[in-house]
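Worksheet: one structure, shown below.
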Amino acid sequence: MKDLMSVDQALELTKNDVSRLYKEHVNPGFATMLSLLNFDRKFVRAKGTKVWDEDGNEYIDFLGGYGSLNLGHNPTAVIEAVKRVMDQGLPNILQASMNTMAAVAAYNLSKLTPGNLSHTFFCNSGTEAVEGAIKTARIASGKERILYCQNSFHGKTMGSLSVTGRDKYQHPFEPLIPGNERVKYGDLEELEEKLKNGGFAAFIIEPIQGEGGINVPPEHYFQGVRELCDKYNVYFILDEIQTGFGRTGKMFAAEHDNIVPDFLCMAKSLGGGVMPIGAFSTTAEIWERAYGGIDKALLHTSTFGGNTLATTAAVATMNELVEKDLPANAAEKGEYLLARLQELVGKYEIIKEVRGRGLLIGLEFKELERGLLDKLSGGMLSKAAKEYLGAMVAGALMNDHKIITAYTLNNPNVIRFEPALIITKEEIDYLIDSLEEIFSKNKGIFSMAVKSAKTVIGSIFRK
Ligand SMILES: Cc1ncc(COP(=O)(O)O)c(C=O)c1O
């Protein structure tokens with residue numbers, strides 16, 4: 001008999017037990033990073049915008065699962081729906097059949113997504129949604145190359161990584177899928193130049209660059225993108241994996257610009273924070289071109305894609321978003337949060353800019369002057385402070401104020417606020433008061449940078 005651990009035993013483990021298992025069996029580097037940042041708490045309960053650790057401390061979650069928790073943690077409506085389906089004993093996985101819940105989830109998406117997007121492919125994550133859209137654009141167009149944006153983030157599997165515009169993630173895995181090209185985000189002139197000469201199957205883009213640092217494009221940019229894609233006969237893939245399901249104040253960000261893409265990629269909050277699920281929706285015409293007829297119907301599939309439990313969570317999530325009109329709440333609370341953060345911009349030297357839409361908001365710090373920091377730290381600190389200021393402020397928010405946030409992956413100098421769409425004004429006020437305390441108590445960022453970089457960041461990034 002192998003000496004396995006049971007679920008009951010798992011539930012009894014201490015923080016140190018978990019940390020040891022993580023170091024020995026999961027990802028030692030990540031475990032070390034979390035413990036150095038003092039982020040290695042053991043969270044034992046979560047509901048709505050709140051999380052509790054094993055010592056009974058209460059935290060407000062302003063990170064929201066990177067956009068997966070639009071309904072908040074453990075939303076009752078979704079959990080109840082999943083439980084009901086389980087209690088009925090419906091088969092969860094039975095590929096040689098048409099799944100009722102998948103059919104209904106696809107129907108609901110055809111109602112919620114803009115324009116004539118009617119056909120949906122279900123998978124299990126965001127990166128798979130992007131893979132599916134890219135493959136489908138290639139087969140439907142008969143062309144291969146994909147145009148994508150600098151600073152974009154579309155996922156980390158090979159196809160998605162090949163259209164993710166950050167060298168740090170791409171270089172270690174080269175050669176990637178050949179023929180793809182980058183273009184500047186928000187620049188229609190450059191886009192036209194590329195499309196004119198490119199022979200591209202598709203252009204893939206996020207409505208707001210999430211991991212890139214919460215970058216909002218110029219007004220009317222997306223109408224221009226739609227026109228150029230039509231003009232040069234290139235499919236327009238809109239990645240709403242982070243912006244979808246109410247996050248930006250509309251059900252989908254595409255609605256702000258009144259545009260209909262050829263492909264809409266979704267994941268994250270589609271599963272209500274309860275089930276992993278991803279999807280892309282496209283038009284009947286493109287679906288027919290790609291997968292029409294028995295021969296081609298199963299060219300692109302996924303074993304778990306469209307399983308009963310995941311699609312039940314999706315159906316319940318969509319209903320909850322509509323019934324509670326959560327996109328409108330995101331618009332209202334987002335405006336309030338943005339305005340309150342704007343008040344801090346002139347007040348504290350260290351803040352460069354605040355930007356975003358709805359409840360997808362980024363606060364960017366100024367880059368600190370090299371000279372002084374180099375002197376203070378023998379060169380090490382300026383790199384840390386330049387690249388990891390967001391992490392330092394996120395650390396202070398977590399440790400001193402019990403607020404969970406994070407920096408953006410492609411731009412660590414930006415700290416993001418992406419709470420559940422049910423966040424309250426009082427919770428937003430508490431965040432602002434906490435930021436004020438951090439910025440004023442630390443008398444500018446120098447003392448904070450010196451304090452945390454010497455102890456924490458230094459040990460992480462010393463190579
Ligand atoms: C816009 C966007 N696309 C794709 C992805 C990848 O999603 P996943 O991590 O589920 O593969 C993300 C994740 O952060 C994202 O923000």
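Following the order of the structure tokens, chains are lettered A, B, ..., residues in each are numbered from 1, and ligands are numbered from 1.
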Could you give me, as an mmCIF file with C-alpha atoms, in the first residue's frame, every polymer residue with an atom at most 9 Å away from an atom of ligand 1, counting only C-alpha atoms and all ligand atoms?
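Writing done, so here's out.cif:
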data_model
loop_
_atom_site.group_PDB
_atom_site.id
_atom_site.type_symbol
_atom_site.label_atom_id
_atom_site.label_comp_id
_atom_site.auth_asym_id
_atom_site.auth_seq_id
_atom_site.Cartn_x
_atom_site.Cartn_y
_atom_site.Cartn_z
ATOM 1 C CA TYR A 66 -7.132 38.161 -12.126
ATOM 2 C CA GLY A 67 -10.666 38.625 -13.431
ATOM 3 C CA SER A 68 -12.034 35.178 -12.547
ATOM 4 C CA ASN A 124 -10.978 24.649 -20.006
ATOM 5 C CA SER A 125 -8.850 27.788 -19.817
ATOM 6 C CA GLY A 126 -8.086 31.108 -21.424
ATOM 7 C CA THR A 127 -5.066 29.976 -23.352
ATOM 8 C CA GLU A 128 -7.082 27.131 -24.888
ATOM 9 C CA ALA A 129 -9.750 29.600 -25.981
ATOM 10 C CA VAL A 130 -7.040 31.565 -27.792
ATOM 11 C CA SER A 152 -0.195 41.700 -25.176
ATOM 12 C CA PHE A 153 -0.963 38.684 -23.044
ATOM 13 C CA HIS A 154 -2.931 35.791 -24.520
ATOM 14 C CA GLY A 155 -1.662 32.811 -22.534
ATOM 15 C CA LYS A 156 1.346 30.550 -22.162
ATOM 16 C CA THR A 157 0.749 27.443 -24.297
ATOM 17 C CA SER A 160 -0.943 31.644 -27.437
ATOM 18 C CA THR A 164 1.980 37.159 -26.541
ATOM 19 C CA ILE A 205 -6.026 41.943 -29.474
ATOM 20 C CA GLU A 206 -7.377 42.694 -25.974
ATOM 21 C CA PRO A 207 -9.932 45.531 -25.520
ATOM 22 C CA ILE A 208 -7.764 46.767 -22.632
ATOM 23 C CA GLN A 209 -4.346 45.223 -22.151
ATOM 24 C CA GLY A 210 -4.654 43.562 -18.753
ATOM 25 C CA GLU A 211 -1.254 42.037 -18.034
ATOM 26 C CA ASP A 239 -9.587 38.430 -26.382
ATOM 27 C CA GLU A 240 -12.118 39.261 -23.636
ATOM 28 C CA ILE A 241 -10.751 36.650 -21.253
ATOM 29 C CA GLN A 242 -9.997 39.320 -18.648
ATOM 30 C CA THR A 243 -12.440 42.058 -19.733
ATOM 31 C CA CYS A 265 -12.374 34.593 -26.533
ATOM 32 C CA MET A 266 -13.627 34.075 -22.988
ATOM 33 C CA ALA A 267 -12.609 32.231 -19.803
ATOM 34 C CA LYS A 268 -11.934 33.367 -16.210
ATOM 35 C CA PRO A 276 -12.462 26.164 -14.922
ATOM 36 C CA ILE A 277 -13.949 26.856 -18.341
ATOM 37 C CA GLY A 278 -12.926 28.718 -21.482
ATOM 38 C CA LEU A 409 2.582 40.399 -15.361
#
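Ranking A:Gly306, A:Gly65, A:Gly224, A:Gly132 by their shortest atom-to-atom distance to Met98 of chain A, with only C-alpha atoms included, puts A:Gly306 first.
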**OP:** Could you please write out, as a PyMOL selection string, every residue of segment 223-364 of chain A that DSSP assigns to strand (DSSP E)?
**Re:** chain A and resi 235-239+263-266+278-283+351-357+360-364
Could those selected residues go to a file with N, CA and C atoms, as a PDB file, in the first residue's frame?
ATOM      1  N   TYR A 235      -9.358  38.192 -40.197  1.00  0.00           N
ATOM      2  CA  TYR A 235     -10.265  37.993 -39.067  1.00  0.00           C
ATOM      3  C   TYR A 235      -9.803  38.811 -37.860  1.00  0.00           C
ATOM      4  N   PHE A 236     -10.784  39.269 -37.115  1.00  0.00           N
ATOM      5  CA  PHE A 236     -10.562  40.099 -35.921  1.00  0.00           C
ATOM      6  C   PHE A 236     -10.902  39.227 -34.704  1.00  0.00           C
ATOM      7  N   ILE A 237      -9.848  38.850 -33.951  1.00  0.00           N
ATOM      8  CA  ILE A 237     -10.056  38.041 -32.730  1.00  0.00           C
ATOM      9  C   ILE A 237      -9.955  38.964 -31.518  1.00  0.00           C
ATOM     10  N   LEU A 238     -11.032  39.076 -30.765  1.00  0.00           N
ATOM     11  CA  LEU A 238     -11.011  39.923 -29.572  1.00  0.00           C
ATOM     12  C   LEU A 238     -10.892  39.019 -28.338  1.00  0.00           C
ATOM     13  N   ASP A 239      -9.824  39.239 -27.582  1.00  0.00           N
ATOM     14  CA  ASP A 239      -9.587  38.430 -26.382  1.00  0.00           C
ATOM     15  C   ASP A 239     -10.221  39.139 -25.173  1.00  0.00           C
ATOM     16  N   PHE A 263     -14.180  36.667 -33.779  1.00  0.00           N
ATOM     17  CA  PHE A 263     -14.010  35.675 -32.714  1.00  0.00           C
ATOM     18  C   PHE A 263     -13.976  36.423 -31.379  1.00  0.00           C
ATOM     19  N   LEU A 264     -14.662  35.878 -30.379  1.00  0.00           N
ATOM     20  CA  LEU A 264     -14.597  36.444 -29.036  1.00  0.00           C
ATOM     21  C   LEU A 264     -14.084  35.343 -28.108  1.00  0.00           C
ATOM     22  N   CYS A 265     -12.939  35.591 -27.450  1.00  0.00           N
ATOM     23  CA  CYS A 265     -12.374  34.593 -26.533  1.00  0.00           C
ATOM     24  C   CYS A 265     -12.785  34.924 -25.107  1.00  0.00           C
ATOM     25  N   MET A 266     -13.169  33.893 -24.372  1.00  0.00           N
ATOM     26  CA  MET A 266     -13.627  34.075 -22.988  1.00  0.00           C
ATOM     27  C   MET A 266     -13.057  32.977 -22.098  1.00  0.00           C
ATOM     28  N   GLY A 278     -13.251  27.696 -20.490  1.00  0.00           N
ATOM     29  CA  GLY A 278     -12.926  28.718 -21.482  1.00  0.00           C
ATOM     30  C   GLY A 278     -13.800  28.489 -22.702  1.00  0.00           C
ATOM     31  N   ALA A 279     -13.833  29.471 -23.596  1.00  0.00           N
ATOM     32  CA  ALA A 279     -14.668  29.331 -24.791  1.00  0.00           C
ATOM     33  C   ALA A 279     -14.258  30.366 -25.828  1.00  0.00           C
ATOM     34  N   PHE A 280     -14.528  30.058 -27.109  1.00  0.00           N
ATOM     35  CA  PHE A 280     -14.554  31.149 -28.077  1.00  0.00           C
ATOM     36  C   PHE A 280     -15.862  31.042 -28.838  1.00  0.00           C
ATOM     37  N   SER A 281     -16.410  32.198 -29.177  1.00  0.00           N
ATOM     38  CA  SER A 281     -17.621  32.237 -30.001  1.00  0.00           C
ATOM     39  C   SER A 281     -17.268  32.844 -31.343  1.00  0.00           C
ATOM     40  N   THR A 282     -17.941  32.365 -32.378  1.00  0.00           N
ATOM     41  CA  THR A 282     -17.708  32.905 -33.718  1.00  0.00           C
ATOM     42  C   THR A 282     -19.025  32.872 -34.503  1.00  0.00           C
ATOM     43  N   THR A 283     -18.972  33.285 -35.761  1.00  0.00           N
ATOM     44  CA  THR A 283     -20.197  33.336 -36.564  1.00  0.00           C
ATOM     45  C   THR A 283     -20.494  31.966 -37.174  1.00  0.00           C
ATOM     46  N   ILE A 351       3.411  58.405  -7.799  1.00  0.00           N
ATOM     47  CA  ILE A 351       2.422  57.883  -8.755  1.00  0.00           C
ATOM     48  C   ILE A 351       2.556  58.588 -10.088  1.00  0.00           C
ATOM     49  N   LYS A 352       2.651  57.789 -11.138  1.00  0.00           N
ATOM     50  CA  LYS A 352       2.772  58.369 -12.470  1.00  0.00           C
ATOM     51  C   LYS A 352       1.398  58.578 -13.079  1.00  0.00           C
ATOM     52  N   GLU A 353       0.556  57.530 -12.989  1.00  0.00           N
ATOM     53  CA  GLU A 353      -0.731  57.611 -13.680  1.00  0.00           C
ATOM     54  C   GLU A 353      -1.700  56.579 -13.115  1.00  0.00           C
ATOM     55  N   VAL A 354      -2.977  56.901 -13.239  1.00  0.00           N
ATOM     56  CA  VAL A 354      -4.023  55.940 -12.905  1.00  0.00           C
ATOM     57  C   VAL A 354      -4.892  55.811 -14.143  1.00  0.00           C
ATOM     58  N   ARG A 355      -5.248  54.581 -14.521  1.00  0.00           N
ATOM     59  CA  ARG A 355      -6.044  54.415 -15.742  1.00  0.00           C
ATOM     60  C   ARG A 355      -6.862  53.135 -15.684  1.00  0.00           C
ATOM     61  N   GLY A 356      -7.864  53.047 -16.545  1.00  0.00           N
ATOM     62  CA  GLY A 356      -8.671  51.835 -16.602  1.00  0.00           C
ATOM     63  C   GLY A 356     -10.095  52.139 -16.969  1.00  0.00           C
ATOM     64  N   ARG A 357     -10.907  51.106 -16.922  1.00  0.00           N
ATOM     65  CA  ARG A 357     -12.314  51.244 -17.275  1.00  0.00           C
ATOM     66  C   ARG A 357     -13.111  50.256 -16.437  1.00  0.00           C
ATOM     67  N   LEU A 360     -11.465  47.519 -13.848  1.00  0.00           N
ATOM     68  CA  LEU A 360     -10.155  47.046 -14.297  1.00  0.00           C
ATOM     69  C   LEU A 360      -9.251  48.274 -14.312  1.00  0.00           C
ATOM     70  N   ILE A 361      -8.567  48.476 -13.175  1.00  0.00           N
ATOM     71  CA  ILE A 361      -7.875  49.751 -12.990  1.00  0.00           C
ATOM     72  C   ILE A 361      -6.428  49.506 -12.593  1.00  0.00           C
ATOM     73  N   GLY A 362      -5.532  50.290 -13.184  1.00  0.00           N
ATOM     74  CA  GLY A 362      -4.118  50.163 -12.869  1.00  0.00           C
ATOM     75  C   GLY A 362      -3.564  51.467 -12.321  1.00  0.00           C
ATOM     76  N   LEU A 363      -2.617  51.331 -11.397  1.00  0.00           N
ATOM     77  CA  LEU A 363      -1.937  52.498 -10.847  1.00  0.00           C
ATOM     78  C   LEU A 363      -0.460  52.316 -11.171  1.00  0.00           C
ATOM     79  N   GLU A 364       0.086  53.230 -11.987  1.00  0.00           N
ATOM     80  CA  GLU A 364       1.476  53.068 -12.401  1.00  0.00           C
ATOM     81  C   GLU A 364       2.385  53.982 -11.590  1.00  0.00           C
TER      82      GLU A 364
END
**OP:** Write out as number ranges by chain the residues lying within 10 Å of Leu94 of chain A, counting only C-alpha atoms and excluding same-chain residues fewer than 6 positions away.
**Re:** A: 303-304, 307-308
**OP:** Considering only C-alpha atoms, state which residue in the set A:Lys143, A:Thr248, A:Glu190, A:Leu161 is at the smallest distance from Val234 of chain A.
**Re:** A:Lys143
Hey, which bits of segment 388-440 of chain A sit within 12 Å of segment 317-337 of chain A, and for each residue what's the closest pair of atoms and how far apart in Å (one decimal), counting only C-alpha atoms, rows by chain and increasing number, as a tab-separated table?
residue	atom	partner	partner_atom	distance
A:Arg416	CA	A:Leu337	CA	11.8
A:Phe417	CA	A:Leu337	CA	9.1
A:Glu418	CA	A:Gly334	CA	9.4
A:Pro419	CA	A:Ala330	CA	9.4
A:Ala420	CA	A:Ala330	CA	8.5
A:Leu421	CA	A:Ala330	CA	5.2
A:Ile422	CA	A:Asn329	CA	7.1
A:Ile423	CA	A:Lys333	CA	7.4
A:Thr424	CA	A:Lys333	CA	7.4
A:Lys425	CA	A:Lys333	CA	7.0
A:Glu426	CA	A:Lys333	CA	10.6
A:Glu427	CA	A:Leu337	CA	10.0
A:Ile428	CA	A:Leu337	CA	6.4
A:Asp429	CA	A:Leu337	CA	8.3
A:Tyr430	CA	A:Leu337	CA	11.0
A:Leu431	CA	A:Leu337	CA	9.3
A:Ile432	CA	A:Leu337	CA	8.5
Could you write those residues out with C-alpha atoms, as a PDB file, in the first residue's frame?
ATOM      1  CA  ARG A 416      -3.899  46.473 -10.435  1.00  0.00           C
ATOM      2  CA  PHE A 417      -7.310  46.701  -8.824  1.00  0.00           C
ATOM      3  CA  GLU A 418      -9.733  44.159 -10.144  1.00  0.00           C
ATOM      4  CA  PRO A 419     -12.191  43.330  -7.350  1.00  0.00           C
ATOM      5  CA  ALA A 420     -15.458  41.412  -7.578  1.00  0.00           C
ATOM      6  CA  LEU A 421     -18.177  43.476  -9.229  1.00  0.00           C
ATOM      7  CA  ILE A 422     -20.052  43.488  -5.901  1.00  0.00           C
ATOM      8  CA  ILE A 423     -17.361  45.598  -4.191  1.00  0.00           C
ATOM      9  CA  THR A 424     -18.798  48.357  -1.993  1.00  0.00           C
ATOM     10  CA  LYS A 425     -17.933  52.055  -1.662  1.00  0.00           C
ATOM     11  CA  GLU A 426     -16.832  51.448   1.922  1.00  0.00           C
ATOM     12  CA  GLU A 427     -14.338  48.819   0.769  1.00  0.00           C
ATOM     13  CA  ILE A 428     -13.035  51.207  -1.888  1.00  0.00           C
ATOM     14  CA  ASP A 429     -12.640  53.964   0.725  1.00  0.00           C
ATOM     15  CA  TYR A 430     -10.661  51.584   2.926  1.00  0.00           C
ATOM     16  CA  LEU A 431      -8.310  50.835   0.012  1.00  0.00           C
ATOM     17  CA  ILE A 432      -7.749  54.544  -0.622  1.00  0.00           C
TER      18      ILE A 432
END
**OP:** For segment 72-82 of chain A, please output as a VMD selection string all residues within 6 Å (counting only C-alpha atoms; exclusion window: fewer than 5 positions along the same chain).
**Re:** chain A and resid 46 to 49 313 316 420
**OP:** Would you mind listing what lies within 8 Å of segment 413-415 of chain A as a ChimeraX atom specification, with only C-alpha atoms counted and same-chain residues fewer than 5 positions away left out?
**Re:** /A:213,362-367,386-391,393-394,405-408
Selection from above, C-alpha atoms, as an mmCIF file, in the first residue's frame, can you write it?
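The resulting file, result-v5.cif, is shown below:
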data_model
loop_
_atom_site.group_PDB
_atom_site.id
_atom_site.type_symbol
_atom_site.label_atom_id
_atom_site.label_comp_id
_atom_site.auth_asym_id
_atom_site.auth_seq_id
_atom_site.Cartn_x
_atom_site.Cartn_y
_atom_site.Cartn_z
ATOM 1 C CA GLY A 213 -0.313 47.250 -17.508
ATOM 2 C CA GLY A 362 -4.118 50.163 -12.869
ATOM 3 C CA LEU A 363 -1.937 52.498 -10.847
ATOM 4 C CA GLU A 364 1.476 53.068 -12.401
ATOM 5 C CA PHE A 365 4.469 54.207 -10.376
ATOM 6 C CA LYS A 366 7.201 56.483 -11.601
ATOM 7 C CA GLU A 367 10.498 54.872 -12.300
ATOM 8 C CA LYS A 386 12.410 49.922 -11.134
ATOM 9 C CA GLU A 387 10.750 46.650 -11.882
ATOM 10 C CA TYR A 388 9.150 45.644 -8.652
ATOM 11 C CA LEU A 389 7.729 48.746 -7.043
ATOM 12 C CA GLY A 390 4.254 47.350 -7.678
ATOM 13 C CA ALA A 391 5.197 44.227 -5.736
ATOM 14 C CA VAL A 393 3.257 48.305 -2.531
ATOM 15 C CA ALA A 394 1.208 45.108 -2.952
ATOM 16 C CA THR A 405 -3.684 43.031 -4.855
ATOM 17 C CA ALA A 406 -0.961 42.219 -7.373
ATOM 18 C CA TYR A 407 1.105 43.802 -10.082
ATOM 19 C CA THR A 408 0.513 43.182 -13.796
#
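Neighbouring residues of segment 433-443 of chain A at 10 Å or closer, counting only C-alpha atoms and skipping chain neighbours under 4 positions away, are Leu341, Leu344, Lys347, Tyr348, Glu349, Ile350, Ile351, Val393, Ala394, Ala396, Leu397, Asp400, His401, Lys402, Ile403, Glu427, Ile428, Asp429, Ser447, Met448, Ala449 and Lys451 of chain A.
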Output file for the selection above: C-alpha atoms, as a PDB file, in the first residue's frame:
ATOM      1  CA  LEU A 341      -7.338  57.123  -7.148  1.00  0.00           C
ATOM      2  CA  LEU A 344      -3.827  60.583  -5.175  1.00  0.00           C
ATOM      3  CA  LYS A 347      -0.669  64.323  -4.065  1.00  0.00           C
ATOM      4  CA  TYR A 348       2.084  61.699  -4.130  1.00  0.00           C
ATOM      5  CA  GLU A 349       5.229  62.089  -6.212  1.00  0.00           C
ATOM      6  CA  ILE A 350       5.605  58.382  -6.686  1.00  0.00           C
ATOM      7  CA  ILE A 351       2.422  57.883  -8.755  1.00  0.00           C
ATOM      8  CA  VAL A 393       3.257  48.305  -2.531  1.00  0.00           C
ATOM      9  CA  ALA A 394       1.208  45.108  -2.952  1.00  0.00           C
ATOM     10  CA  ALA A 396       2.576  46.647   2.178  1.00  0.00           C
ATOM     11  CA  LEU A 397      -1.149  46.481   1.359  1.00  0.00           C
ATOM     12  CA  ASP A 400      -0.150  46.102   6.942  1.00  0.00           C
ATOM     13  CA  HIS A 401      -3.713  46.574   5.685  1.00  0.00           C
ATOM     14  CA  LYS A 402      -5.005  43.099   4.816  1.00  0.00           C
ATOM     15  CA  ILE A 403      -5.765  44.043   1.237  1.00  0.00           C
ATOM     16  CA  GLU A 427     -14.338  48.819   0.769  1.00  0.00           C
ATOM     17  CA  ILE A 428     -13.035  51.207  -1.888  1.00  0.00           C
ATOM     18  CA  ASP A 429     -12.640  53.964   0.725  1.00  0.00           C
ATOM     19  CA  SER A 447      12.377  54.552   2.488  1.00  0.00           C
ATOM     20  CA  MET A 448       9.931  51.871   1.476  1.00  0.00           C
ATOM     21  CA  ALA A 449      12.075  50.783  -1.435  1.00  0.00           C
ATOM     22  CA  LYS A 451      13.297  48.872   3.542  1.00  0.00           C
TER      23      LYS A 451
END
**OP:** Show which residues sit within 9 Å of segment 191-203 of chain A, as a VMD selection string. Count only C-alpha atoms, and ignore same-chain residues fewer than 6 positions away.
**Re:** chain A and resid 134 137 to 149 180 to 185 225 228 to 229 232 to 238
Expected file contents, prior selection, C-alpha atoms, as a JSON list (two decimals), in the first residue's frame:
[["chain", "number", "residue", "atom", "x", "y", "z"],
["A", 134, "ILE", "CA", -6.24, 30.95, -33.81],
["A", 137, "ALA", "CA", -9.06, 31.48, -38.05],
["A", 138, "ARG", "CA", -6.27, 29.64, -39.86],
["A", 139, "ILE", "CA", -8.40, 26.83, -41.21],
["A", 140, "ALA", "CA", -11.31, 29.12, -42.15],
["A", 141, "SER", "CA", -9.07, 31.62, -43.95],
["A", 142, "GLY", "CA", -6.59, 29.21, -45.48],
["A", 143, "LYS", "CA", -3.88, 31.61, -44.23],
["A", 144, "GLU", "CA", -1.34, 31.04, -41.45],
["A", 145, "ARG", "CA", 0.11, 34.18, -39.98],
["A", 146, "ILE", "CA", -1.31, 35.98, -36.96],
["A", 147, "LEU", "CA", -0.75, 39.65, -36.17],
["A", 148, "TYR", "CA", -0.62, 40.58, -32.47],
["A", 149, "CYS", "CA", 0.25, 43.51, -30.22],
["A", 180, "ASN", "CA", 3.48, 35.90, -36.62],
["A", 181, "GLU", "CA", 4.22, 39.60, -36.23],
["A", 182, "ARG", "CA", 3.85, 42.35, -33.66],
["A", 183, "VAL", "CA", 2.27, 45.75, -34.01],
["A", 184, "LYS", "CA", 1.99, 48.68, -31.59],
["A", 185, "TYR", "CA", -1.22, 48.64, -29.49],
["A", 225, "VAL", "CA", -9.52, 47.97, -36.29],
["A", 228, "LEU", "CA", -9.13, 47.65, -41.44],
["A", 229, "CYS", "CA", -9.73, 43.94, -40.80],
["A", 232, "TYR", "CA", -7.84, 43.56, -45.84],
["A", 233, "ASN", "CA", -9.93, 40.46, -45.28],
["A", 234, "VAL", "CA", -8.33, 39.51, -41.97],
["A", 235, "TYR", "CA", -10.27, 37.99, -39.07],
["A", 236, "PHE", "CA", -10.56, 40.10, -35.92],
["A", 237, "ILE", "CA", -10.06, 38.04, -32.73],
["A", 238, "LEU", "CA", -11.01, 39.92, -29.57]]
**OP:** Write down as number ranges by chain the residues of segment 18-188 of chain A whose backbone DSSP state falls under alpha helix (DSSP H).
**Re:** A: 18-25, 28-36, 64-67, 76-88, 100-112, 126-141, 158-161, 167-170, 188
Could you save those same residues with C-alpha atoms as a CSV table (one decimal), in the first residue's frame?
chain,number,residue,atom,x,y,z
A,18,VAL,CA,1.7,23.0,2.9
A,19,SER,CA,4.8,25.1,2.3
A,20,ARG,CA,7.0,22.0,2.6
A,21,LEU,CA,4.8,20.0,0.2
A,22,TYR,CA,4.9,22.9,-2.3
A,23,LYS,CA,8.6,23.1,-2.1
A,24,GLU,CA,9.1,19.4,-2.5
A,25,HIS,CA,6.4,18.6,-5.1
A,28,PRO,CA,10.0,25.5,-5.1
A,29,GLY,CA,10.8,28.9,-6.6
A,30,PHE,CA,7.3,30.2,-6.3
A,31,ALA,CA,7.0,28.9,-2.7
A,32,THR,CA,10.2,30.7,-1.8
A,33,MET,CA,9.0,33.9,-3.4
A,34,LEU,CA,5.7,33.9,-1.6
A,35,SER,CA,7.4,33.3,1.8
A,36,LEU,CA,9.9,36.0,1.3
A,64,GLY,CA,-10.4,39.1,-7.8
A,65,GLY,CA,-8.6,36.0,-9.3
A,66,TYR,CA,-7.1,38.2,-12.1
A,67,GLY,CA,-10.7,38.6,-13.4
A,76,THR,CA,-24.0,31.0,-3.8
A,77,ALA,CA,-26.0,31.0,-7.0
A,78,VAL,CA,-23.3,29.1,-8.9
A,79,ILE,CA,-22.5,26.7,-6.1
A,80,GLU,CA,-26.2,25.9,-5.6
A,81,ALA,CA,-26.6,25.2,-9.3
A,82,VAL,CA,-23.6,22.9,-9.5
A,83,LYS,CA,-24.8,21.1,-6.4
A,84,ARG,CA,-28.3,20.6,-7.8
A,85,VAL,CA,-26.9,19.1,-11.0
A,86,MET,CA,-24.6,16.8,-9.0
A,87,ASP,CA,-27.5,15.7,-6.7
A,88,GLN,CA,-29.5,14.8,-9.8
A,100,THR,CA,-27.7,19.7,-22.4
A,101,MET,CA,-25.8,22.3,-20.3
A,102,ALA,CA,-23.2,22.9,-23.0
A,103,ALA,CA,-26.1,23.6,-25.5
A,104,VAL,CA,-27.7,26.0,-23.1
A,105,ALA,CA,-24.4,27.8,-22.2
A,106,ALA,CA,-23.8,28.3,-25.9
A,107,TYR,CA,-27.3,29.5,-26.4
A,108,ASN,CA,-26.9,32.0,-23.6
A,109,LEU,CA,-23.6,33.2,-25.0
A,110,SER,CA,-25.2,33.8,-28.3
A,111,LYS,CA,-27.7,36.1,-26.5
A,112,LEU,CA,-25.0,37.9,-24.4
A,126,GLY,CA,-8.1,31.1,-21.4
A,127,THR,CA,-5.1,30.0,-23.4
A,128,GLU,CA,-7.1,27.1,-24.9
A,129,ALA,CA,-9.7,29.6,-26.0
A,130,VAL,CA,-7.0,31.6,-27.8
A,131,GLU,CA,-5.5,28.4,-29.3
A,132,GLY,CA,-9.0,27.5,-30.6
A,133,ALA,CA,-9.6,30.9,-32.1
A,134,ILE,CA,-6.2,30.9,-33.8
A,135,LYS,CA,-6.6,27.5,-35.3
A,136,THR,CA,-10.1,28.2,-36.4
A,137,ALA,CA,-9.1,31.5,-38.0
A,138,ARG,CA,-6.3,29.6,-39.9
A,139,ILE,CA,-8.4,26.8,-41.2
A,140,ALA,CA,-11.3,29.1,-42.1
A,141,SER,CA,-9.1,31.6,-44.0
A,158,MET,CA,2.8,27.4,-27.5
A,159,GLY,CA,0.2,28.9,-29.8
A,160,SER,CA,-0.9,31.6,-27.4
A,161,LEU,CA,2.6,32.3,-26.4
A,167,ASP,CA,10.1,38.9,-24.8
A,168,LYS,CA,10.5,37.7,-21.2
A,169,TYR,CA,7.9,35.0,-21.8
A,170,GLN,CA,8.7,34.2,-25.4
A,188,LEU,CA,-4.0,52.3,-36.6
